[in-house]
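Enquirer: One structure coming up, written as structure tokens, with questions to follow.
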Amino acid sequence: MPTEQPAWVLDQRRTIGARIRAAREHANLSQLALGVAAGADHKTIHRIEHGTSDPSLSLLLRLAQALDVPLADLVQ
């Protein structure tokens, strides 16, 4: 049974999503290109960037590698 997330968790997801979006734009990648590089659907990338998805650690690691940035830069 899913539980309601505290507001601070939702805020952090939006912050992490914004960092991923900034790194993607800095790398001149579209959401589609990042999705292909990380093995994810571009709709998933969109949801992560807007804080409406709760990505797994494995996906975050693949995104960091595809963006050529340390994971810590995305989730600090």
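Residue names in the structure tokens use chain letters A, B, ... in the order shown, residue numbers from 1 in each chain, and ligand numbers from 1 in the order shown.
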Run DSSP on the backbone and give me the residues of chain A it puts in alpha helix (DSSP H), as a ChimeraX atom specification.

Expert: /A:7-26,31-38,42-49,57-67,71-75

Enquirer: Which residues, written as a count of residues only, have at least one atom at most 8 Å from Ile16 in chain A, with only C-alpha atoms counted and residues fewer than 4 positions away on the same chain left out?

Expert: 6

Enquirer: Compile the contact shell of Val69 in chain A as a PyMOL selection string: residues with an atom at most 12 Å away, counting only C-alpha atoms, same-chain residues fewer than 3 positions apart removed.

Expert: chain A and resi 19-20+22-24+26-27+60-66+72-75

Enquirer: Quick one, how far is CA of Gly39 in chain A from CA of Thr15 in chain A?

Expert: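 Those two atoms sit 22.2 Å apart.
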
Enquirer: Hey, what's within 12 Å of Ala40 in chain A if we count only C-alpha atoms and toss same-chain stuff fewer than 6 positions away? As a list in words, please?

Expert: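 My list of contacting residues is Gln31, Leu32, Ala33, Leu34, His46, Arg47, Ile48, Pro55, Ser56, Ser58, Leu59, Leu60, Arg62, Leu63 and Ala66 of chain A.
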
Enquirer: So which one's closest to Arg13 in chain A, A:His50, A:Ala38, A:Leu57, A:Leu71? Using only C-alpha atoms, please.

Expert: A:His50
